[in-house]
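Enquirer: Take a look at this one; I'll ask things after.
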Amino acid sequence: MAAVTNLVTSLNYIPFQLQYLGPKPAFQSLRSRSRRLRRGLGVVDEQQQGFTVSFTEEENSLIQTLVGVQGRGRSASSQQIIDVERAVKVLEQGLQGVPDPTSSSLIEGRWQLMFTTRPGTASLIQRTFVGIDFFNVFQEVHLRTNDPRITNIVKFSDAIGELKVEAAASIKDGKRILFQFDRAAFSFKFLPLKVPYPVPFRLLGDEAKGWLDTTYLSRSGNLRISRGNKGTTFVLQKKTEPRQILLSAISTSKGVEEAIDKLISFNQNKRPSNEDETELQEGQWEMIWSSQTETDSWIENAANGLMGMQIVKKNGQIKFLVDIFLGFKFSITGTYVKSGSNTYDVNMDDAAILWERFGYPIEIDSKFNLQVLYSDDKIRITRGYNKIIFVHLRTDGSYKN
């Protein structure tokens with residue numbers, strides 16, 4: 001146990017006696033996972049004329065499963081993939097979609113990629129797009145012109161520019177579009193000319209060709225499901241809800257505060273005036289964004305919820321849990337008591353460094369007021385320690401879709 005002693009000493013805290021704490025649950029690395037969450041929350045953030053988005057019950061079930069999925073499916077858990085595929089099949093097998101999507105004008109326009117199954121099986125050119133977690137990815141469909149085209153777009157930012165890879169397209173039947181990639185270029189805001197993308201399309205042969213079946217197109221024109229010739233399933237969307245806009249802002253680190261304000265305002269406007277109570281929901285919640293960056297004091301960050309997992313129980317118990325390294329964890333537990341319609345007094349006072357079945361207590365406590373600004377079964381926004389705004393994502397899978 002010398003390793004535990006050395007670790008606590010390195011944190012400049014005087015420990016009490018070592019005591020056995022019994023079995024502890026296993027958790028994944030939280031700090032690194034939080035960073036991946038910021039990079040990988042692949043959702044829509046453009047083309048919003050407002051927040052009124054029309055979805056049927058079945059469509060909304062799919063949207064709900066997509067909220068919080070990392071990397072547009074690339075880093076999704078096996079259960080998340082199962083949930084998405086189940087919701088996709090319900091829509092594909094139903095009768096609510098447009099019968100012949102390629103014959104409808106609703107398929108035209110700019111779509112954002114929300115989710116991809118089996119990204120590793122996509123073609124060489126498609127992997128340029130579906131494998132990118134850091135930027136927003138779009139697909140433009142224009143079939144009713146003299147030069148029908150499908151264009152895949154990686155948007156770096158408004159200030160930098162984008163990459164466009166274009167394909168000549170033709171309609172085979174009511175569902176299938178045939179395409180062949182033939183040109184690509186970077187468009188940078190700081191350059192007057194386009195920069196060619198160095199891909200020899202003519203030399204790629206059949207690798208530059210393919211087909212895309214639209215297996216579901218919503219009658220509102222907001223949601224589309226397509227399957228490619230490599231077996232990949234794509235879920236794309238035109239208009240989105242405020243939660244998706246917030247998660248996209250977090251993934252790109254742009255406009256987060258504005259997205260938070262809009263989500264809270266939207267929720268207040270649609271909620272009946274007599275429903276002012278906002279509860280602190282139980283479950284495991286991972287911190288994916290805060291309005292203050294971490295300080296130099298690692299132990300202070302962990303004790304005040306600036307990193308890691310927050311576990312809320314119905315009996316008024318709350319725990320912050322952070323993976324350190326090599327199986328070591330920091331844990332601090334406490335209590336929360338409701339003090340207003342959406343506020344709680346939180347007292348964290350039982351801290352320890354954990355390693356397997358042993359714990360090394362640490363003398364540290366933290367008291368603060370927690371205000372729940374927004375909460376549903378997947379996302380929670382709070383104002384906590386030092387008036388810092390936190391966004392948490394539920395990770396225990398106990399929510400209802």
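All residue names refer to the structure tokens as shown: chains lettered A, B, ... in order, residues numbered from 1 in each chain, ligands numbered from 1 in order.
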Using only C-alpha atoms, which residues of stretch 175-275 of chain A come within 10 Å of stretch 57-69 of chain A, and what is the closest atom pair for each, with the distance in Å to one decimal? Give it as CSV, sorted by chain and residue number.

Expert:
residue,atom,partner,partner_atom,distance
A:Ser218,CA,A:Glu59,CA,8.2
A:Asn222,CA,A:Glu59,CA,9.8
A:Leu223,CA,A:Glu59,CA,7.8
A:Arg224,CA,A:Glu59,CA,9.9
A:Val235,CA,A:Leu62,CA,9.4
A:Gln237,CA,A:Ile63,CA,9.6
A:Thr240,CA,A:Ile63,CA,9.0
A:Glu241,CA,A:Ile63,CA,9.2
A:Arg243,CA,A:Val67,CA,7.6
A:Gln244,CA,A:Val67,CA,6.6
A:Leu247,CA,A:Gly68,CA,7.3
A:Ser248,CA,A:Gly68,CA,9.8

Enquirer: Output the selection as a CSV table (one decimal), in the first residue's frame - C-alpha atoms for each residue.

Expert:
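The result, written out as out-v6.csv:
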chain,number,residue,atom,x,y,z
A,218,SER,CA,-39.9,12.2,-43.1
A,222,ASN,CA,-36.5,17.1,-41.4
A,223,LEU,CA,-35.2,13.5,-41.0
A,224,ARG,CA,-33.6,11.1,-43.5
A,235,VAL,CA,-29.0,9.2,-40.2
A,237,GLN,CA,-31.2,15.8,-40.2
A,240,THR,CA,-33.0,20.1,-34.9
A,241,GLU,CA,-34.0,20.7,-31.3
A,243,ARG,CA,-30.5,20.1,-26.9
A,244,GLN,CA,-28.8,19.0,-30.1
A,247,LEU,CA,-24.3,19.4,-27.6
A,248,SER,CA,-22.9,20.5,-31.0

Enquirer: Find the residues around A:Glu108 up to 6 Å (only C-alpha atoms counted), leave out those fewer than 3 positions away in its own chain, and share them as a PyMOL selection string.

Expert: chain A and resi 105+141-142

Enquirer: Tell me which protein, DNA and RNA residues are within 12 Å of A:Ile260, counting only C-alpha atoms, leaving out same-chain ones fewer than 3 positions away, and put them as JSON, numbers by chain.

Expert: {"A": [242, 243, 244, 245, 246, 247, 248, 249, 250, 254, 255, 256, 257, 263, 264, 265, 266, 267, 289, 290, 291, 373, 374, 375, 379, 380, 381, 382, 383, 389, 390, 391]}

Enquirer: What would the file look like if the residues just selected were written as a short mmCIF file (atom, residue, chain, number, x, y, z; two decimals), in the first residue's frame with C-alpha atoms?

Expert:
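Writing the result to result-v8.cif gives the following:
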data_model
loop_
_atom_site.label_atom_id
_atom_site.label_comp_id
_atom_site.auth_asym_id
_atom_site.auth_seq_id
_atom_site.Cartn_x
_atom_site.Cartn_y
_atom_site.Cartn_z
CA PRO A 242 -32.21 22.96 -28.75
CA ARG A 243 -30.52 20.07 -26.91
CA GLN A 244 -28.78 18.96 -30.08
CA ILE A 245 -27.63 22.51 -30.75
CA LEU A 246 -26.13 22.68 -27.25
CA LEU A 247 -24.27 19.38 -27.61
CA SER A 248 -22.92 20.48 -30.98
CA ALA A 249 -21.73 23.77 -29.46
CA ILE A 250 -19.92 21.83 -26.73
CA LYS A 254 -18.28 27.56 -29.86
CA GLY A 255 -21.37 29.41 -28.69
CA VAL A 256 -22.01 27.19 -25.66
CA GLU A 257 -23.33 29.94 -23.38
CA LEU A 263 -32.37 25.87 -24.35
CA ILE A 264 -33.38 27.20 -20.93
CA SER A 265 -35.56 29.90 -22.50
CA PHE A 266 -37.20 27.39 -24.87
CA ASN A 267 -37.94 25.03 -21.98
CA TRP A 289 -18.72 21.24 -19.95
CA SER A 290 -18.32 23.97 -17.35
CA SER A 291 -18.10 27.75 -17.60
CA LEU A 373 -31.52 25.38 -14.56
CA TYR A 374 -32.62 22.58 -16.90
CA SER A 375 -33.03 18.83 -16.54
CA ILE A 379 -29.06 16.36 -20.09
CA ARG A 380 -28.81 18.55 -17.01
CA ILE A 381 -27.69 22.18 -16.66
CA THR A 382 -26.89 23.51 -13.20
CA ARG A 383 -25.29 26.48 -11.47
CA ILE A 389 -22.44 26.64 -14.93
CA PHE A 390 -22.22 22.87 -15.52
CA VAL A 391 -23.60 20.66 -18.28
#

Enquirer: DSSP on the backbone, strand (DSSP E or B) only: what residues of stretch 83-253 of chain A does that give? Format it as a ChimeraX atom specification.

Expert: /A:109-116,136-142,149-157,161-171,176-188,195-196,209-217,223-228,233-237

Enquirer: With only C-alpha atoms as the counted atoms, please give the residues lying no more than 10 Å from A:Asp396, apart from itself and same-chain residues fewer than 3 positions off, as an mmCIF file with N, CA, C and O atoms, in the first residue's frame.

Expert:
data_model
loop_
_atom_site.group_PDB
_atom_site.id
_atom_site.type_symbol
_atom_site.label_atom_id
_atom_site.label_comp_id
_atom_site.auth_asym_id
_atom_site.auth_seq_id
_atom_site.Cartn_x
_atom_site.Cartn_y
_atom_site.Cartn_z
ATOM 1 N N GLY A 283 -29.229 9.237 -10.693
ATOM 2 C CA GLY A 283 -28.515 8.619 -11.796
ATOM 3 C C GLY A 283 -27.045 9.002 -11.813
ATOM 4 O O GLY A 283 -26.551 9.715 -10.933
ATOM 5 N N GLN A 284 -26.343 8.508 -12.817
ATOM 6 C CA GLN A 284 -24.933 8.820 -13.017
ATOM 7 C C GLN A 284 -24.819 9.886 -14.101
ATOM 8 O O GLN A 284 -25.274 9.691 -15.222
ATOM 9 N N TRP A 285 -24.191 11.005 -13.762
ATOM 10 C CA TRP A 285 -24.118 12.156 -14.656
ATOM 11 C C TRP A 285 -22.653 12.538 -14.872
ATOM 12 O O TRP A 285 -21.931 12.793 -13.916
ATOM 13 N N GLU A 286 -22.240 12.576 -16.113
ATOM 14 C CA GLU A 286 -20.861 12.951 -16.420
ATOM 15 C C GLU A 286 -20.778 14.411 -16.838
ATOM 16 O O GLU A 286 -21.554 14.883 -17.674
ATOM 17 N N ILE A 311 -22.832 11.153 -9.046
ATOM 18 C CA ILE A 311 -23.818 10.105 -8.805
ATOM 19 C C ILE A 311 -24.834 10.622 -7.797
ATOM 20 O O ILE A 311 -24.484 10.936 -6.655
ATOM 21 N N LYS A 378 -31.708 13.014 -20.037
ATOM 22 C CA LYS A 378 -30.384 12.843 -20.632
ATOM 23 C C LYS A 378 -29.430 13.990 -20.356
ATOM 24 O O LYS A 378 -28.216 13.785 -20.307
ATOM 25 N N LEU A 393 -24.164 14.989 -18.715
ATOM 26 C CA LEU A 393 -24.811 14.032 -19.602
ATOM 27 C C LEU A 393 -25.029 12.737 -18.830
ATOM 28 O O LEU A 393 -24.106 12.220 -18.191
ATOM 29 N N TYR A 399 -32.419 5.978 -18.304
ATOM 30 C CA TYR A 399 -33.455 6.893 -18.765
ATOM 31 C C TYR A 399 -34.411 6.203 -19.720
ATOM 32 O O TYR A 399 -34.117 5.142 -20.281
#

Enquirer: Quick one: everything within 10 Å of A:Arg219, counting only C-alpha atoms, minus sequence neighbours fewer than 6 positions away in the same chain. Send it as a list in words.

Expert: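 Those residues are Ser54, Phe55, Thr56, Gln96, Gly97, Val98, Pro99, Pro101, Ser104 and Leu106 of chain A.
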
Enquirer: Selected residues, all heavy atoms, written as a PDB file, in the first residue's frame, please.

Expert:
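For reference, part-v9.pdb as written:
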ATOM      1  N   SER A  54     -40.774  19.605 -36.180  1.00  0.00           N
ATOM      2  CA  SER A  54     -41.882  18.667 -36.184  1.00  0.00           C
ATOM      3  C   SER A  54     -41.374  17.245 -36.365  1.00  0.00           C
ATOM      4  O   SER A  54     -40.734  16.918 -37.365  1.00  0.00           O
ATOM      5  CB  SER A  54     -42.845  19.020 -37.322  1.00  0.00           C
ATOM      6  OG  SER A  54     -43.873  18.062 -37.414  1.00  0.00           O
ATOM      7  N   PHE A  55     -41.639  16.369 -35.371  1.00  0.00           N
ATOM      8  CA  PHE A  55     -41.291  14.963 -35.465  1.00  0.00           C
ATOM      9  C   PHE A  55     -42.483  14.133 -35.018  1.00  0.00           C
ATOM     10  O   PHE A  55     -43.217  14.510 -34.102  1.00  0.00           O
ATOM     11  CB  PHE A  55     -40.095  14.621 -34.564  1.00  0.00           C
ATOM     12  CG  PHE A  55     -38.796  15.238 -34.995  1.00  0.00           C
ATOM     13  CD1 PHE A  55     -38.162  16.163 -34.190  1.00  0.00           C
ATOM     14  CD2 PHE A  55     -38.201  14.886 -36.197  1.00  0.00           C
ATOM     15  CE1 PHE A  55     -36.960  16.731 -34.579  1.00  0.00           C
ATOM     16  CE2 PHE A  55     -37.008  15.455 -36.594  1.00  0.00           C
ATOM     17  CZ  PHE A  55     -36.379  16.378 -35.789  1.00  0.00           C
ATOM     18  N   THR A  56     -42.676  12.991 -35.659  1.00  0.00           N
ATOM     19  CA  THR A  56     -43.683  12.046 -35.196  1.00  0.00           C
ATOM     20  C   THR A  56     -43.148  11.337 -33.955  1.00  0.00           C
ATOM     21  O   THR A  56     -41.975  11.478 -33.583  1.00  0.00           O
ATOM     22  CB  THR A  56     -43.994  11.002 -36.274  1.00  0.00           C
ATOM     23  OG1 THR A  56     -42.815  10.202 -36.498  1.00  0.00           O
ATOM     24  CG2 THR A  56     -44.398  11.667 -37.586  1.00  0.00           C
ATOM     25  N   GLN A  96     -45.042   5.650 -42.497  1.00  0.00           N
ATOM     26  CA  GLN A  96     -45.209   7.081 -42.280  1.00  0.00           C
ATOM     27  C   GLN A  96     -44.317   7.928 -43.184  1.00  0.00           C
ATOM     28  O   GLN A  96     -44.573   9.125 -43.348  1.00  0.00           O
ATOM     29  CB  GLN A  96     -44.914   7.416 -40.815  1.00  0.00           C
ATOM     30  CG  GLN A  96     -45.891   6.808 -39.837  1.00  0.00           C
ATOM     31  CD  GLN A  96     -45.610   7.223 -38.401  1.00  0.00           C
ATOM     32  OE1 GLN A  96     -44.629   7.909 -38.134  1.00  0.00           O
ATOM     33  NE2 GLN A  96     -46.469   6.821 -37.489  1.00  0.00           N
ATOM     34  N   GLY A  97     -43.279   7.340 -43.757  1.00  0.00           N
ATOM     35  CA  GLY A  97     -42.349   8.108 -44.569  1.00  0.00           C
ATOM     36  C   GLY A  97     -42.854   8.379 -45.970  1.00  0.00           C
ATOM     37  O   GLY A  97     -43.879   7.850 -46.406  1.00  0.00           O
ATOM     38  N   VAL A  98     -42.132   9.213 -46.696  1.00  0.00           N
ATOM     39  CA  VAL A  98     -42.446   9.510 -48.102  1.00  0.00           C
ATOM     40  C   VAL A  98     -42.226   8.240 -48.925  1.00  0.00           C
ATOM     41  O   VAL A  98     -41.147   7.634 -48.848  1.00  0.00           O
ATOM     42  CB  VAL A  98     -41.555  10.655 -48.618  1.00  0.00           C
ATOM     43  CG1 VAL A  98     -41.795  10.897 -50.095  1.00  0.00           C
ATOM     44  CG2 VAL A  98     -41.817  11.927 -47.812  1.00  0.00           C
ATOM     45  N   PRO A  99     -43.205   7.793 -49.720  1.00  0.00           N
ATOM     46  CA  PRO A  99     -43.107   6.504 -50.438  1.00  0.00           C
ATOM     47  C   PRO A  99     -41.915   6.411 -51.391  1.00  0.00           C
ATOM     48  O   PRO A  99     -41.197   5.415 -51.393  1.00  0.00           O
ATOM     49  CB  PRO A  99     -44.438   6.429 -51.194  1.00  0.00           C
ATOM     50  CG  PRO A  99     -45.358   7.327 -50.443  1.00  0.00           C
ATOM     51  CD  PRO A  99     -44.506   8.429 -49.913  1.00  0.00           C
ATOM     52  N   PRO A 101     -38.765   8.517 -52.031  1.00  0.00           N
ATOM     53  CA  PRO A 101     -37.983   9.685 -51.593  1.00  0.00           C
ATOM     54  C   PRO A 101     -37.264  10.420 -52.715  1.00  0.00           C
ATOM     55  O   PRO A 101     -37.224  11.649 -52.718  1.00  0.00           O
ATOM     56  CB  PRO A 101     -36.981   9.072 -50.609  1.00  0.00           C
ATOM     57  CG  PRO A 101     -37.637   7.831 -50.128  1.00  0.00           C
ATOM     58  CD  PRO A 101     -38.404   7.304 -51.280  1.00  0.00           C
ATOM     59  N   SER A 104     -39.254  13.027 -54.500  1.00  0.00           N
ATOM     60  CA  SER A 104     -39.789  14.128 -53.701  1.00  0.00           C
ATOM     61  C   SER A 104     -38.784  15.268 -53.595  1.00  0.00           C
ATOM     62  O   SER A 104     -37.578  15.049 -53.460  1.00  0.00           O
ATOM     63  CB  SER A 104     -40.139  13.630 -52.293  1.00  0.00           C
ATOM     64  OG  SER A 104     -40.488  14.693 -51.453  1.00  0.00           O
ATOM     65  N   LEU A 106     -38.511  17.005 -51.081  1.00  0.00           N
ATOM     66  CA  LEU A 106     -38.086  17.061 -49.688  1.00  0.00           C
ATOM     67  C   LEU A 106     -36.663  16.518 -49.481  1.00  0.00           C
ATOM     68  O   LEU A 106     -36.018  16.840 -48.485  1.00  0.00           O
ATOM     69  CB  LEU A 106     -39.059  16.274 -48.795  1.00  0.00           C
ATOM     70  CG  LEU A 106     -40.475  16.843 -48.659  1.00  0.00           C
ATOM     71  CD1 LEU A 106     -41.347  15.891 -47.862  1.00  0.00           C
ATOM     72  CD2 LEU A 106     -40.434  18.219 -48.000  1.00  0.00           C
TER      73      LEU A 106
END

Enquirer: Pick out the closest residue to A:Arg72 from this set: A:Ala168, A:Phe234, A:Phe201, A:Asp206. Count only C-alpha atoms.

Expert: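 Going through A:Ala168, A:Phe234, A:Phe201, A:Asp206 one by one, the smallest distance to A:Arg72 is for A:Phe234.
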
Enquirer: One decimal, in Å: what's the spacing between atom CA of A:Val84 and atom CA of A:Gln112?

Expert: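 Interatomic distance, atom CA of A:Val84 to atom CA of A:Gln112: 16.9 Å.
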
Enquirer: Going by DSSP on the backbone, which bits of stretch 60-252 of chain A are helix (DSSP H, G or I)? Write them as a ChimeraX atom specification, please.

Expert: /A:60-66,71-73,78-93,101-103,105-107,119-121,124-130,201-208,242-252

Enquirer: Name the residues in contact with A:Ala351 at a cut-off of 10 Å, using only C-alpha atoms, excluding same-chain residues fewer than 3 positions from it; report them as an mmCIF file with C-alpha atoms, in the first residue's frame.

Expert:
data_model
loop_
_atom_site.group_PDB
_atom_site.id
_atom_site.type_symbol
_atom_site.label_atom_id
_atom_site.label_comp_id
_atom_site.auth_asym_id
_atom_site.auth_seq_id
_atom_site.Cartn_x
_atom_site.Cartn_y
_atom_site.Cartn_z
ATOM 1 C CA ALA A 303 -14.019 18.040 -4.858
ATOM 2 C CA LYS A 319 -21.008 11.444 -4.839
ATOM 3 C CA PHE A 320 -18.299 12.900 -7.076
ATOM 4 C CA LEU A 321 -16.049 10.197 -8.534
ATOM 5 C CA PHE A 330 -10.826 10.088 -5.994
ATOM 6 C CA SER A 331 -14.193 9.920 -4.269
ATOM 7 C CA ILE A 332 -16.080 12.458 -2.199
ATOM 8 C CA THR A 333 -19.595 11.861 -0.919
ATOM 9 C CA GLY A 334 -22.079 14.146 0.762
ATOM 10 C CA MET A 348 -19.505 17.263 0.446
ATOM 11 C CA LEU A 354 -9.506 4.649 -3.523
ATOM 12 C CA GLY A 359 -9.341 3.749 0.797
ATOM 13 C CA TYR A 360 -7.184 6.523 2.187
ATOM 14 C CA PRO A 361 -9.353 9.234 3.785
ATOM 15 C CA ILE A 362 -8.619 12.884 2.988
ATOM 16 C CA GLU A 363 -9.556 15.852 5.127
ATOM 17 C CA ILE A 364 -11.481 18.055 2.729
ATOM 18 C CA ASP A 365 -15.017 19.415 2.495
#

Enquirer: Between A:Ile288, A:Lys314, A:Pro196, A:Ile225, which one has atoms that come closest to A:Ser253, using only C-alpha atoms?

Expert: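 Comparing A:Ile288, A:Lys314, A:Pro196, A:Ile225 against A:Ser253, the winner is A:Ile288.
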